[in-house]
>>> print(open('run_15.pdb').read())   # PDB, C-alpha atoms
ATOM      1  CA  MET A   1    -124.734 194.699-121.652
ATOM      2  CA  LYS A   2    -121.500 196.228-122.812
ATOM      3  CA  ILE A   3    -122.540 199.568-121.408
ATOM      4  CA  ILE A   4    -123.348 198.090-118.024
ATOM      5  CA  PHE A   5    -120.018 196.335-118.003
ATOM      6  CA  PHE A   6    -118.242 199.537-118.949
ATOM      7  CA  LEU A   7    -120.039 201.509-116.255
ATOM      8  CA  ALA A   8    -119.308 198.888-113.632
ATOM      9  CA  LEU A   9    -115.626 198.969-114.504
ATOM     10  CA  SER A  10    -115.424 202.734-114.540
ATOM     11  CA  PHE A  11    -117.088 202.991-111.136
ATOM     12  CA  TYR A  12    -114.656 200.450-109.847
ATOM     13  CA  SER A  13    -111.757 202.576-111.002
ATOM     14  CA  LEU A  14    -113.100 205.539-109.035
ATOM     15  CA  ASN A  15    -111.555 203.910-105.972
ATOM     16  CA  CYS A  16    -108.134 204.560-107.420
ATOM     17  CA  PHE A  17    -108.416 208.309-107.521
ATOM     18  CA  SER A  18    -106.662 209.775-104.551
ATOM     19  CA  GLY A  19    -108.254 212.729-102.919
ATOM     20  CA  VAL A  20    -106.882 216.074-103.952
ATOM     21  CA  GLU A  21    -105.651 218.001-100.981
ATOM     22  CA  TYR A  22    -105.462 221.722-101.134
ATOM     23  CA  LYS A  23    -102.388 223.078 -99.433
ATOM     24  CA  LYS A  24    -101.440 226.720 -99.376
ATOM     25  CA  PHE A  25     -97.786 227.653 -99.239
ATOM     26  CA  ASP A  26     -96.124 230.931 -98.330
ATOM     27  CA  THR A  27     -93.322 230.595-100.863
ATOM     28  CA  PRO A  28     -92.781 228.556-104.034
ATOM     29  CA  GLN A  29     -89.653 227.077-102.400
ATOM     30  CA  GLN A  30     -91.792 225.658 -99.627
ATOM     31  CA  GLU A  31     -94.122 224.084-102.117
ATOM     32  CA  GLU A  32     -91.127 222.639-103.976
ATOM     33  CA  SER A  33     -89.726 221.148-100.749
ATOM     34  CA  TYR A  34     -93.143 219.728 -99.910
ATOM     35  CA  LYS A  35     -93.405 218.005-103.271
ATOM     36  CA  ILE A  36     -89.905 216.575-103.013
ATOM     37  CA  LEU A  37     -90.406 215.365 -99.431
ATOM     38  CA  ILE A  38     -93.692 213.596 -99.986
ATOM     39  CA  GLU A  39     -92.134 211.774-102.957
ATOM     40  CA  GLU A  40     -89.220 210.637-100.786
ATOM     41  CA  LEU A  41     -91.126 209.390 -97.762
ATOM     42  CA  ARG A  42     -92.554 205.904 -97.658
ATOM     43  CA  CYS A  43     -96.044 205.163 -96.476
ATOM     44  CA  LEU A  44     -95.488 202.485 -93.829
ATOM     45  CA  VAL A  45     -98.919 200.958 -94.148
ATOM     46  CA  CYS A  46     -98.778 200.471 -97.888
ATOM     47  CA  GLN A  47     -94.985 200.026 -97.990
ATOM     48  CA  ASN A  48     -94.477 200.280-101.736
ATOM     49  CA  GLN A  49     -96.046 203.690-102.085
ATOM     50  CA  THR A  50     -94.753 207.099-101.219
ATOM     51  CA  ILE A  51     -96.878 209.264 -98.970
ATOM     52  CA  ALA A  52     -97.616 211.341-102.069
ATOM     53  CA  ASP A  53     -99.161 208.318-103.811
ATOM     54  CA  SER A  54    -100.990 206.831-100.894
ATOM     55  CA  ASN A  55    -104.324 207.845 -99.536
ATOM     56  CA  ALA A  56    -103.992 205.772 -96.372
ATOM     57  CA  GLU A  57    -104.732 207.657 -93.189
ATOM     58  CA  LEU A  58    -101.164 207.388 -92.032
ATOM     59  CA  ALA A  59     -99.951 208.925 -95.299
ATOM     60  CA  GLN A  60    -102.372 211.800 -94.797
ATOM     61  CA  ASP A  61    -101.038 212.340 -91.277
ATOM     62  CA  LEU A  62     -97.458 212.278 -92.496
ATOM     63  CA  ARG A  63     -98.248 214.771 -95.268
ATOM     64  CA  ARG A  64     -99.906 217.031 -92.712
ATOM     65  CA  GLN A  65     -96.829 216.739 -90.500
ATOM     66  CA  VAL A  66     -94.501 217.622 -93.408
ATOM     67  CA  TYR A  67     -96.698 220.580 -94.328
ATOM     68  CA  GLU A  68     -96.845 221.912 -90.787
ATOM     69  CA  MET A  69     -93.112 221.597 -90.282
ATOM     70  CA  LEU A  70     -92.468 223.489 -93.522
ATOM     71  CA  GLN A  71     -94.842 226.193 -92.328
ATOM     72  CA  GLN A  72     -92.779 226.421 -89.148
ATOM     73  CA  GLY A  73     -89.739 227.081 -91.328
ATOM     74  CA  LYS A  74     -88.096 223.681 -90.840
ATOM     75  CA  SER A  75     -85.634 222.557 -93.501
ATOM     76  CA  LYS A  76     -85.948 219.420 -95.608
ATOM     77  CA  ASP A  77     -83.161 217.709 -93.656
ATOM     78  CA  GLU A  78     -84.804 218.524 -90.349
ATOM     79  CA  ILE A  79     -88.062 216.998 -91.519
ATOM     80  CA  ALA A  80     -86.339 213.877 -92.856
ATOM     81  CA  GLU A  81     -84.571 213.541 -89.489
ATOM     82  CA  PHE A  82     -87.868 213.949 -87.634
ATOM     83  CA  MET A  83     -89.316 211.072 -89.660
ATOM     84  CA  THR A  84     -86.329 208.731 -89.300
ATOM     85  CA  ASP A  85     -86.231 209.400 -85.532
ATOM     86  CA  ARG A  86     -89.728 207.956 -85.348
ATOM     87  CA  TYR A  87     -89.965 205.440 -88.154
ATOM     88  CA  GLY A  88     -86.334 204.539 -88.900
ATOM     89  CA  ASP A  89     -84.433 204.649 -92.194
ATOM     90  CA  PHE A  90     -87.128 202.517 -93.793
ATOM     91  CA  VAL A  91     -89.328 205.589 -94.113
ATOM     92  CA  LEU A  92     -86.870 207.077 -96.626
ATOM     93  CA  TYR A  93     -86.974 205.873-100.210
ATOM     94  CA  ASN A  94     -83.375 206.980-100.489
ATOM     95  CA  PRO A  95     -81.783 205.564 -97.330
ATOM     96  CA  PRO A  96     -78.415 206.914 -96.145
ATOM     97  CA  PHE A  97     -75.265 204.842 -96.578
ATOM     98  CA  LYS A  98     -74.522 203.212 -93.217
ATOM     99  CA  ALA A  99     -73.189 199.929 -91.869
ATOM    100  CA  LYS A 100     -76.779 198.680 -91.641
ATOM    101  CA  THR A 101     -77.693 199.644 -95.203
ATOM    102  CA  GLY A 102     -74.292 198.706 -96.671
ATOM    103  CA  LEU A 103     -75.509 195.442 -98.200
ATOM    104  CA  LEU A 104     -78.377 197.315 -99.825
ATOM    105  CA  TRP A 105     -76.067 199.797-101.508
ATOM    106  CA  LEU A 106     -73.101 197.552-102.277
ATOM    107  CA  GLY A 107     -75.015 194.358-103.118
ATOM    108  CA  PRO A 108     -75.544 195.211-106.794
ATOM    109  CA  VAL A 109     -71.874 196.187-107.232
ATOM    110  CA  VAL A 110     -70.767 192.928-105.611
ATOM    111  CA  PHE A 111     -72.972 190.932-107.988
ATOM    112  CA  LEU A 112     -71.629 192.879-110.979
ATOM    113  CA  VAL A 113     -68.054 192.106-109.947
ATOM    114  CA  ILE A 114     -68.877 188.407-109.432
ATOM    115  CA  GLY A 115     -70.474 188.346-112.886
ATOM    116  CA  LEU A 116     -67.440 189.942-114.540
ATOM    117  CA  VAL A 117     -65.043 187.535-112.815
ATOM    118  CA  VAL A 118     -67.099 184.521-113.906
ATOM    119  CA  MET A 119     -67.288 185.868-117.449
ATOM    120  CA  PHE A 120     -63.521 186.354-117.546
ATOM    121  CA  PHE A 121     -62.821 182.778-116.442
ATOM    122  CA  VAL A 122     -65.416 181.256-118.745
ATOM    123  CA  SER A 123     -64.076 183.047-121.806
ATOM    124  CA  ARG A 124     -60.506 182.134-120.918
ATOM    125  CA  ALA A 125     -61.471 178.483-120.511
ATOM    126  CA  LYS A 126     -63.066 178.527-123.968
ATOM    127  CA  LYS A 127     -59.984 180.028-125.565
ATOM    128  CA  SER A 128     -57.638 177.450-124.068
ATOM    129  CA  ASN A 129     -60.017 174.689-125.221
ATOM    130  CA  LYS A 130     -59.140 175.473-128.851
ATOM    131  CA  ASN A 131     -55.440 174.927-128.285
ATOM    132  CA  ILE A 132     -55.818 171.553-126.644
ATOM    133  CA  LYS A 133     -53.669 168.895-128.272
ATOM    134  CA  LEU A 134     -55.606 165.914-129.508
ATOM    135  CA  PRO A 135     -54.215 162.397-129.030
ATOM    136  CA  ASN A 136     -52.878 160.665-132.151
ATOM    137  CA  GLU A 137     -55.885 158.446-132.502
ATOM    138  CA  LYS A 138     -58.197 161.431-132.716
ATOM    139  CA  LEU A 139     -55.911 163.214-135.163
ATOM    140  CA  GLU A 140     -56.077 160.232-137.505
ATOM    141  CA  GLN A 141     -59.837 160.217-137.265
ATOM    142  CA  LYS A 142     -59.925 163.920-138.017
ATOM    143  CA  ALA A 143     -57.771 163.449-141.107
ATOM    144  CA  LYS A 144     -60.011 160.623-142.290
ATOM    145  CA  ILE A 145     -63.101 162.745-141.889
ATOM    146  CA  LYS A 146     -61.476 165.569-143.796
ATOM    147  CA  ASN A 147     -60.535 163.186-146.590
ATOM    148  CA  LEU A 148     -64.037 161.823-146.852
ATOM    149  CA  LEU A 149     -65.521 165.286-146.940
ATOM    150  CA  ASN A 150     -63.106 166.409-149.638
ATOM    151  CA  ASN A 151     -63.905 163.353-151.731
ATOM    152  CA  GLU A 152     -67.572 164.132-151.366
ATOM    153  CA  ASP A 153     -66.970 167.608-152.747
ATOM    154  CA  GLU A 154     -65.137 166.283-155.812
ATOM    155  CA  LYS A 155     -67.992 164.016-156.839
TER     156      LYS A 155
ATOM    157  CA  MET B   1     -65.965 167.698-109.121
ATOM    158  CA  LEU B   2     -65.829 171.473-108.830
ATOM    159  CA  LYS B   3     -68.038 171.626-111.876
ATOM    160  CA  TYR B   4     -70.844 169.978-109.934
ATOM    161  CA  LEU B   5     -70.211 171.649-106.599
ATOM    162  CA  THR B   6     -70.251 175.232-107.832
ATOM    163  CA  PRO B   7     -73.901 175.309-108.901
ATOM    164  CA  LEU B   8     -74.830 173.492-105.700
ATOM    165  CA  ALA B   9     -72.989 176.087-103.630
ATOM    166  CA  LEU B  10     -74.598 178.945-105.549
ATOM    167  CA  PHE B  11     -77.997 177.371-105.128
ATOM    168  CA  SER B  12     -77.454 176.938-101.380
ATOM    169  CA  VAL B  13     -76.501 180.593-100.941
ATOM    170  CA  MET B  14     -79.555 181.671-102.913
ATOM    171  CA  ALA B  15     -81.811 179.291-100.994
ATOM    172  CA  VAL B  16     -80.589 180.683 -97.665
ATOM    173  CA  PHE B  17     -81.296 184.267 -98.755
ATOM    174  CA  LEU B  18     -84.719 183.374-100.124
ATOM    175  CA  ALA B  19     -85.621 181.415 -96.996
ATOM    176  CA  LEU B  20     -84.621 184.360 -94.811
ATOM    177  CA  GLY B  21     -86.640 186.670 -97.038
ATOM    178  CA  LEU B  22     -89.697 184.447 -96.802
ATOM    179  CA  ASN B  23     -89.546 184.294 -93.034
ATOM    180  CA  LEU B  24     -89.100 188.010 -92.504
ATOM    181  CA  ASN B  25     -92.271 189.883 -91.803
ATOM    182  CA  PRO B  26     -92.188 193.029 -93.949
ATOM    183  CA  ARG B  27     -94.558 194.679 -91.495
ATOM    184  CA  ASP B  28     -92.011 194.308 -88.720
ATOM    185  CA  ILE B  29     -90.064 197.496 -89.079
ATOM    186  CA  PRO B  30     -87.414 197.877 -86.396
ATOM    187  CA  SER B  31     -88.317 200.863 -84.259
ATOM    188  CA  PRO B  32     -85.584 203.446 -83.779
ATOM    189  CA  LEU B  33     -87.214 204.291 -80.448
ATOM    190  CA  ILE B  34     -85.976 201.192 -78.605
ATOM    191  CA  ASP B  35     -83.734 202.221 -75.676
ATOM    192  CA  LYS B  36     -84.725 205.873 -76.180
ATOM    193  CA  PRO B  37     -86.914 207.940 -73.854
ATOM    194  CA  ALA B  38     -90.615 207.516 -74.574
ATOM    195  CA  PRO B  39     -91.817 210.632 -76.417
ATOM    196  CA  ASP B  40     -93.622 213.174 -74.264
ATOM    197  CA  PHE B  41     -97.341 213.531 -74.518
ATOM    198  CA  SER B  42    -100.109 215.398 -72.799
ATOM    199  CA  LEU B  43    -103.471 213.929 -73.702
ATOM    200  CA  PRO B  44    -107.038 214.018 -72.385
ATOM    201  CA  VAL B  45    -108.085 210.967 -70.390
ATOM    202  CA  LEU B  46    -110.881 208.865 -71.868
ATOM    203  CA  GLY B  47    -114.027 209.059 -69.751
ATOM    204  CA  GLN B  48    -112.719 211.799 -67.449
ATOM    205  CA  PRO B  49    -113.343 215.133 -69.182
ATOM    206  CA  GLY B  50    -110.899 217.842 -68.224
ATOM    207  CA  ARG B  51    -108.210 215.488 -66.931
ATOM    208  CA  MET B  52    -104.905 215.257 -68.795
ATOM    209  CA  LEU B  53    -102.178 212.636 -68.523
ATOM    210  CA  THR B  54     -98.514 213.270 -69.265
ATOM    211  CA  LYS B  55     -95.667 210.825 -69.582
ATOM    212  CA  HIS B  56     -94.056 212.295 -66.457
ATOM    213  CA  ALA B  57     -96.903 211.036 -64.265
ATOM    214  CA  LEU B  58     -95.777 207.495 -65.142
ATOM    215  CA  ILE B  59     -92.094 207.822 -64.255
ATOM    216  CA  GLY B  60     -91.205 205.285 -61.586
ATOM    217  CA  ASP B  61     -93.628 202.687 -62.950
ATOM    218  CA  VAL B  62     -93.110 199.967 -65.503
ATOM    219  CA  TRP B  63     -95.905 200.561 -68.000
ATOM    220  CA  ILE B  64     -97.173 199.306 -71.306
ATOM    221  CA  LEU B  65     -98.549 201.733 -73.823
ATOM    222  CA  ASN B  66    -101.056 199.742 -75.843
ATOM    223  CA  VAL B  67    -102.296 201.513 -78.960
ATOM    224  CA  TRP B  68    -105.900 200.519 -79.626
ATOM    225  CA  ALA B  69    -109.075 201.696 -81.318
ATOM    226  CA  SER B  70    -112.649 200.506 -81.491
ATOM    227  CA  TRP B  71    -112.392 200.409 -85.289
ATOM    228  CA  CYS B  72    -109.412 198.064 -85.144
ATOM    229  CA  GLY B  73    -110.354 194.450 -85.736
ATOM    230  CA  SER B  74    -107.167 192.787 -84.555
ATOM    231  CA  CYS B  75    -107.327 194.766 -81.291
ATOM    232  CA  ARG B  76    -110.169 192.425 -80.368
ATOM    233  CA  VAL B  77    -107.836 189.472 -80.848
ATOM    234  CA  GLU B  78    -105.270 190.622 -78.321
ATOM    235  CA  HIS B  79    -107.712 192.261 -75.919
ATOM    236  CA  PRO B  80    -108.471 189.161 -73.768
ATOM    237  CA  LEU B  81    -104.715 188.755 -73.201
ATOM    238  CA  PHE B  82    -104.489 192.274 -71.823
ATOM    239  CA  ASN B  83    -107.529 191.608 -69.635
ATOM    240  CA  GLN B  84    -105.673 188.610 -68.198
ATOM    241  CA  LEU B  85    -102.477 190.612 -67.795
ATOM    242  CA  ALA B  86    -104.371 193.335 -65.896
ATOM    243  CA  LYS B  87    -105.616 190.740 -63.395
ATOM    244  CA  LYS B  88    -102.028 189.751 -62.614
ATOM    245  CA  LYS B  89    -101.289 193.350 -61.523
ATOM    246  CA  LEU B  90     -97.728 193.111 -62.820
ATOM    247  CA  VAL B  91     -97.658 196.308 -64.797
ATOM    248  CA  THR B  92     -99.525 199.577 -65.399
ATOM    249  CA  LEU B  93    -101.480 199.317 -68.625
ATOM    250  CA  VAL B  94    -101.959 202.604 -70.417
ATOM    251  CA  GLY B  95    -104.257 202.635 -73.430
ATOM    252  CA  LEU B  96    -103.604 205.012 -76.285
ATOM    253  CA  ASN B  97    -106.981 205.289 -77.922
ATOM    254  CA  TYR B  98    -105.854 206.113 -81.447
ATOM    255  CA  LYS B  99    -108.010 208.221 -83.773
ATOM    256  CA  ASP B 100    -111.214 206.974 -82.272
ATOM    257  CA  ASP B 101    -114.606 208.347 -81.415
ATOM    258  CA  PRO B 102    -114.671 208.564 -77.577
ATOM    259  CA  LYS B 103    -118.250 207.275 -77.539
ATOM    260  CA  ASP B 104    -117.339 204.160 -79.538
ATOM    261  CA  ALA B 105    -114.223 203.697 -77.433
ATOM    262  CA  LYS B 106    -116.141 203.739 -74.152
ATOM    263  CA  GLN B 107    -118.686 201.314 -75.517
ATOM    264  CA  TRP B 108    -115.916 199.007 -76.729
ATOM    265  CA  LEU B 109    -114.365 198.888 -73.256
ATOM    266  CA  ALA B 110    -117.735 198.369 -71.590
ATOM    267  CA  GLN B 111    -118.394 195.456 -73.900
ATOM    268  CA  LEU B 112    -115.004 193.728 -73.929
ATOM    269  CA  GLY B 113    -113.645 194.694 -70.515
ATOM    270  CA  ASN B 114    -111.252 197.458 -69.560
ATOM    271  CA  PRO B 115    -107.751 196.287 -68.695
ATOM    272  CA  TYR B 116    -106.294 199.798 -68.721
ATOM    273  CA  ALA B 117    -105.412 201.716 -65.585
ATOM    274  CA  ILE B 118    -106.013 204.728 -67.771
ATOM    275  CA  SER B 119    -106.706 205.394 -71.445
ATOM    276  CA  VAL B 120    -105.786 208.603 -73.198
ATOM    277  CA  MET B 121    -107.299 209.913 -76.424
ATOM    278  CA  ASP B 122    -105.130 210.674 -79.417
ATOM    279  CA  LEU B 123    -107.844 212.031 -81.659
ATOM    280  CA  GLU B 124    -105.602 213.313 -84.438
ATOM    281  CA  GLY B 125    -102.926 210.670 -84.186
ATOM    282  CA  ARG B 126    -100.171 213.151 -83.308
ATOM    283  CA  THR B 127     -98.878 211.215 -80.320
ATOM    284  CA  GLY B 128     -99.119 208.094 -82.451
ATOM    285  CA  LEU B 129     -96.861 209.774 -84.983
ATOM    286  CA  ASP B 130     -94.344 210.631 -82.249
ATOM    287  CA  TYR B 131     -94.294 206.975 -81.252
ATOM    288  CA  GLY B 132     -93.872 205.845 -84.858
ATOM    289  CA  VAL B 133     -97.232 204.075 -84.873
ATOM    290  CA  TYR B 134     -98.128 202.735 -88.321
ATOM    291  CA  GLY B 135    -100.370 199.797 -87.620
ATOM    292  CA  VAL B 136    -102.770 199.417 -84.721
ATOM    293  CA  PRO B 137    -102.477 197.551 -82.395
ATOM    294  CA  GLU B 138     -98.973 198.283 -81.165
ATOM    295  CA  SER B 139     -97.538 197.893 -77.691
ATOM    296  CA  PHE B 140     -94.568 199.633 -76.099
ATOM    297  CA  VAL B 141     -92.968 198.429 -72.883
ATOM    298  CA  VAL B 142     -91.532 201.366 -70.921
ATOM    299  CA  ASP B 143     -89.243 200.997 -67.892
ATOM    300  CA  LYS B 144     -89.227 202.941 -64.628
ATOM    301  CA  LYS B 145     -86.972 205.626 -66.077
ATOM    302  CA  GLY B 146     -89.333 206.251 -68.963
ATOM    303  CA  ILE B 147     -87.198 204.455 -71.558
ATOM    304  CA  ILE B 148     -88.899 202.350 -74.252
ATOM    305  CA  ARG B 149     -87.450 198.852 -73.950
ATOM    306  CA  TYR B 150     -89.574 196.855 -76.371
ATOM    307  CA  LYS B 151     -92.084 197.370 -79.119
ATOM    308  CA  HIS B 152     -94.584 194.868 -80.451
ATOM    309  CA  THR B 153     -96.332 195.639 -83.731
ATOM    310  CA  GLY B 154     -99.633 193.967 -84.480
ATOM    311  CA  PRO B 155    -101.784 191.907 -82.139
ATOM    312  CA  VAL B 156     -99.993 190.253 -79.226
ATOM    313  CA  GLU B 157    -100.315 186.467 -79.449
ATOM    314  CA  PRO B 158    -100.469 184.195 -76.388
ATOM    315  CA  ASN B 159     -96.852 183.056 -76.786
ATOM    316  CA  ASP B 160     -95.631 186.667 -77.230
ATOM    317  CA  MET B 161     -97.266 187.466 -73.918
ATOM    318  CA  LYS B 162     -95.927 184.384 -72.134
ATOM    319  CA  ASP B 163     -92.414 184.240 -73.594
ATOM    320  CA  ILE B 164     -91.556 187.894 -74.193
ATOM    321  CA  LEU B 165     -93.746 190.459 -72.489
ATOM    322  CA  ILE B 166     -94.239 188.923 -69.039
ATOM    323  CA  PRO B 167     -90.555 187.925 -68.533
ATOM    324  CA  LEU B 168     -89.511 191.409 -69.692
ATOM    325  CA  ILE B 169     -91.956 193.116 -67.315
ATOM    326  CA  LYS B 170     -90.656 191.024 -64.405
ATOM    327  CA  LYS B 171     -87.087 191.905 -65.304
ATOM    328  CA  LEU B 172     -87.890 195.621 -65.554
ATOM    329  CA  GLN B 173     -89.784 195.576 -62.248
ATOM    330  CA  ALA B 174     -86.621 194.270 -60.593
ATOM    331  CA  GLU B 175     -84.556 197.177 -61.940
ATOM    332  CA  SER B 176     -84.043 200.218 -59.754
ATOM    333  CA  GLU B 177     -85.594 203.546 -60.606
TER     334      GLU B 177
END
>>> encode(input="run_15.pdb", output="structure tokens")
Amino acid sequence: MKIIFFLALSFYSLNCFSGVEYKKFDTPQQEESYKILIEELRCLVCQNQTIADSNAELAQDLRRQVYEMLQQGKSKDEIAEFMTDRYGDFVLYNPPFKAKTGLLWLGPVVFLVIGLVVMFFVSRAKKSNKNIKLPNEKLEQKAKIKNLLNNEDEK
Amino acid sequence: MLKYLTPLALFSVMAVFLALGLNLNPRDIPSPLIDKPAPDFSLPVLGQPGRMLTKHALIGDVWILNVWASWCGSCRVEHPLFNQLAKKKLVTLVGLNYKDDPKDAKQWLAQLGNPYAISVMDLEGRTGLDYGVYGVPESFVVDKKGIIRYKHTGPVEPNDMKDILIPLIKKLQAESE
């Protein structure tokens, strides 16, 4: 039973292997650019995968396009531009800093600043709490408590 | 008072962002092609061996490029709407038969009706790539000058057709060439 279970599970995992594509490059630089580009481009069907990770048909097409453009001697920037012209900035995992993507880039900094400001005020409020003057009534109570505690210790 | 209002305010801001996030469709990626010239293509016509269609043949017409395939399930959902639209003769419907087997494609049209004035075959998906196609079906509305004015990703629903596509087509038909 265990063996059947094991086999069933291991066959299931076969689905996860992506096909190995053989690509021949003229120069090592080209191969390097290819590897970098396919790690930086998003597969739009599977959204949270790069086209290097994904085996969706669209990812295969995009890889083929990247490969062919490199073969034609296009630069990395030219290929990235080709992709954004068609699919928009969303296709890049590392989108450029623009008015449209400003919130994306600055958001975390804004939250950090808000956090620091809040922390500053909270800690200041705590400090000033210690120096608050107690009304007479409370002071008497405090003295009484102290007295009682001291007496307790002596016993 | 402030003590109670601050968390409420923070919560409201967060709720607004989360609500917006929930209502956004992550599949709806804004196309950078809107208000840009439709990419050129030269593709073989489905069912007419030897004949090619280019974008330039369509200049002067308002046309819809509908990306479809016989293997695409949701294409069946929107197909009756395009059949109805074809009957109204408001617009030239051009089918982009995307990565399909021509035999299956012809059979599909014979079975479900053919609303397209013409269908072209994009066997390798290269024209699809130029149009930024990432999920079939997709529809592009192109004006008389050959500029893409609207893109719909996914199957067209009846209210998309009634409230968006048809009014837009009528507006574009009224524009000069």
>>> axis_aligned_box(input="run_15.pdb", around="stretch 122-126 of chain A", padding_each_side="6 Å", output="lines of an AutoDock Vina configuration file")
center_x = -63.0
center_y = 180.8
center_z = -121.4
size_x = 16.9
size_y = 16.6
size_z = 17.2
>>> interface_residues(input="run_15.pdb", of="chain B", to="chain A", cutoff="9 Å", atoms="all atoms listed in the file", output="PDB file with C-alpha atoms, in the frame of the given file")
ATOM      1  CA  PRO B  26     -92.188 193.029 -93.949  1.00  0.00           C
ATOM      2  CA  ARG B  27     -94.558 194.679 -91.495  1.00  0.00           C
ATOM      3  CA  ILE B  29     -90.064 197.496 -89.079  1.00  0.00           C
ATOM      4  CA  PRO B  30     -87.414 197.877 -86.396  1.00  0.00           C
ATOM      5  CA  SER B  31     -88.317 200.863 -84.259  1.00  0.00           C
ATOM      6  CA  PRO B  32     -85.584 203.446 -83.779  1.00  0.00           C
ATOM      7  CA  LEU B  33     -87.214 204.291 -80.448  1.00  0.00           C
ATOM      8  CA  GLU B 124    -105.602 213.313 -84.438  1.00  0.00           C
ATOM      9  CA  GLY B 125    -102.926 210.670 -84.186  1.00  0.00           C
ATOM     10  CA  ARG B 126    -100.171 213.151 -83.308  1.00  0.00           C
ATOM     11  CA  LEU B 129     -96.861 209.774 -84.983  1.00  0.00           C
ATOM     12  CA  ASP B 130     -94.344 210.631 -82.249  1.00  0.00           C
ATOM     13  CA  TYR B 131     -94.294 206.975 -81.252  1.00  0.00           C
ATOM     14  CA  GLY B 132     -93.872 205.845 -84.858  1.00  0.00           C
ATOM     15  CA  VAL B 133     -97.232 204.075 -84.873  1.00  0.00           C
ATOM     16  CA  TYR B 134     -98.128 202.735 -88.321  1.00  0.00           C
ATOM     17  CA  GLY B 135    -100.370 199.797 -87.620  1.00  0.00           C
TER      18      GLY B 135
END
>>> resolve_selection(input="run_15.pdb", expression="the PyMOL selection byres ((chain B and resi 98) around 8)", output="list in words")
Val67, Trp68, Ala69, Leu96, Asn97, Lys99, Asp100, Met121, Asp122, Leu123, Glu124, Gly125 and Gly128 of chain B
>>> atom_distance(input="run_15.pdb", atom1="atom CA of B:Ser74", atom2="atom CA of B:Ile59")
29.4 Å
>>> resolve_selection(input="run_15.pdb", expression="the PyMOL selection byres ((chain B and resi 86) around 12)", output="list in words")
Trp63, Ile64, His79, Pro80, Leu81, Phe82, Asn83, Gln84, Leu85, Lys87, Lys88, Lys89, Leu90, Val91, Thr92, Leu93, Val94, Gly95, Gly113, Asn114, Pro115, Tyr116, Ala117, Ile118 and Ile166 of chain B
>>> write_last_selection(input="run_15.pdb", atoms="C-alpha atoms", output="PDB file, keeping the file's coordinate frame")
ATOM      1  CA  TRP B  63     -95.905 200.561 -68.000  1.00  0.00           C
ATOM      2  CA  ILE B  64     -97.173 199.306 -71.306  1.00  0.00           C
ATOM      3  CA  HIS B  79    -107.712 192.261 -75.919  1.00  0.00           C
ATOM      4  CA  PRO B  80    -108.471 189.161 -73.768  1.00  0.00           C
ATOM      5  CA  LEU B  81    -104.715 188.755 -73.201  1.00  0.00           C
ATOM      6  CA  PHE B  82    -104.489 192.274 -71.823  1.00  0.00           C
ATOM      7  CA  ASN B  83    -107.529 191.608 -69.635  1.00  0.00           C
ATOM      8  CA  GLN B  84    -105.673 188.610 -68.198  1.00  0.00           C
ATOM      9  CA  LEU B  85    -102.477 190.612 -67.795  1.00  0.00           C
ATOM     10  CA  LYS B  87    -105.616 190.740 -63.395  1.00  0.00           C
ATOM     11  CA  LYS B  88    -102.028 189.751 -62.614  1.00  0.00           C
ATOM     12  CA  LYS B  89    -101.289 193.350 -61.523  1.00  0.00           C
ATOM     13  CA  LEU B  90     -97.728 193.111 -62.820  1.00  0.00           C
ATOM     14  CA  VAL B  91     -97.658 196.308 -64.797  1.00  0.00           C
ATOM     15  CA  THR B  92     -99.525 199.577 -65.399  1.00  0.00           C
ATOM     16  CA  LEU B  93    -101.480 199.317 -68.625  1.00  0.00           C
ATOM     17  CA  VAL B  94    -101.959 202.604 -70.417  1.00  0.00           C
ATOM     18  CA  GLY B  95    -104.257 202.635 -73.430  1.00  0.00           C
ATOM     19  CA  GLY B 113    -113.645 194.694 -70.515  1.00  0.00           C
ATOM     20  CA  ASN B 114    -111.252 197.458 -69.560  1.00  0.00           C
ATOM     21  CA  PRO B 115    -107.751 196.287 -68.695  1.00  0.00           C
ATOM     22  CA  TYR B 116    -106.294 199.798 -68.721  1.00  0.00           C
ATOM     23  CA  ALA B 117    -105.412 201.716 -65.585  1.00  0.00           C
ATOM     24  CA  ILE B 118    -106.013 204.728 -67.771  1.00  0.00           C
ATOM     25  CA  ILE B 166     -94.239 188.923 -69.039  1.00  0.00           C
TER      26      ILE B 166
END
>>> atom_distance(input="run_15.pdb", atom1="atom CA of A:Ser75", atom2="atom CA of A:Gln30")
9.2 Å
>>> closest_residue(input="run_15.pdb", among="B:Leu109, B:Ile34, B:Val120, B:Val77", to="B:Leu53", atoms="all atoms listed in the file")
B:Val120
>>> residues_around(input="run_15.pdb", residues="B:Arg51", least_positions_apart="3", cutoff="12 Å", atoms="all atoms listed in the file", output="ChimeraX atom specification")
/B:42-48,54,118-121
>>> residues_around(input="run_15.pdb", residues="stretch 4-15 of chain B", least_positions_apart="6", cutoff="12 Å", atoms="all atoms listed in the file", output="number ranges by chain")
A: 114, 118; B: 21-22
>>> resolve_selection(input="run_15.pdb", expression="the PyMOL selection byres ((chain A and resi 22) around 12)", output="ChimeraX atom specification")
/A:19-21,23-25,31,63-64,67
>>> atom_distance(input="run_15.pdb", atom1="atom CA of A:Ile79", atom2="atom CA of A:Leu41")
10.3 Å
>>> residues_around(input="run_15.pdb", residues="B:Ile147", least_positions_apart="6", cutoff="6 Å", atoms="all atoms listed in the file", output="JSON, numbers by chain")
{"B": [35, 36, 37, 38]}
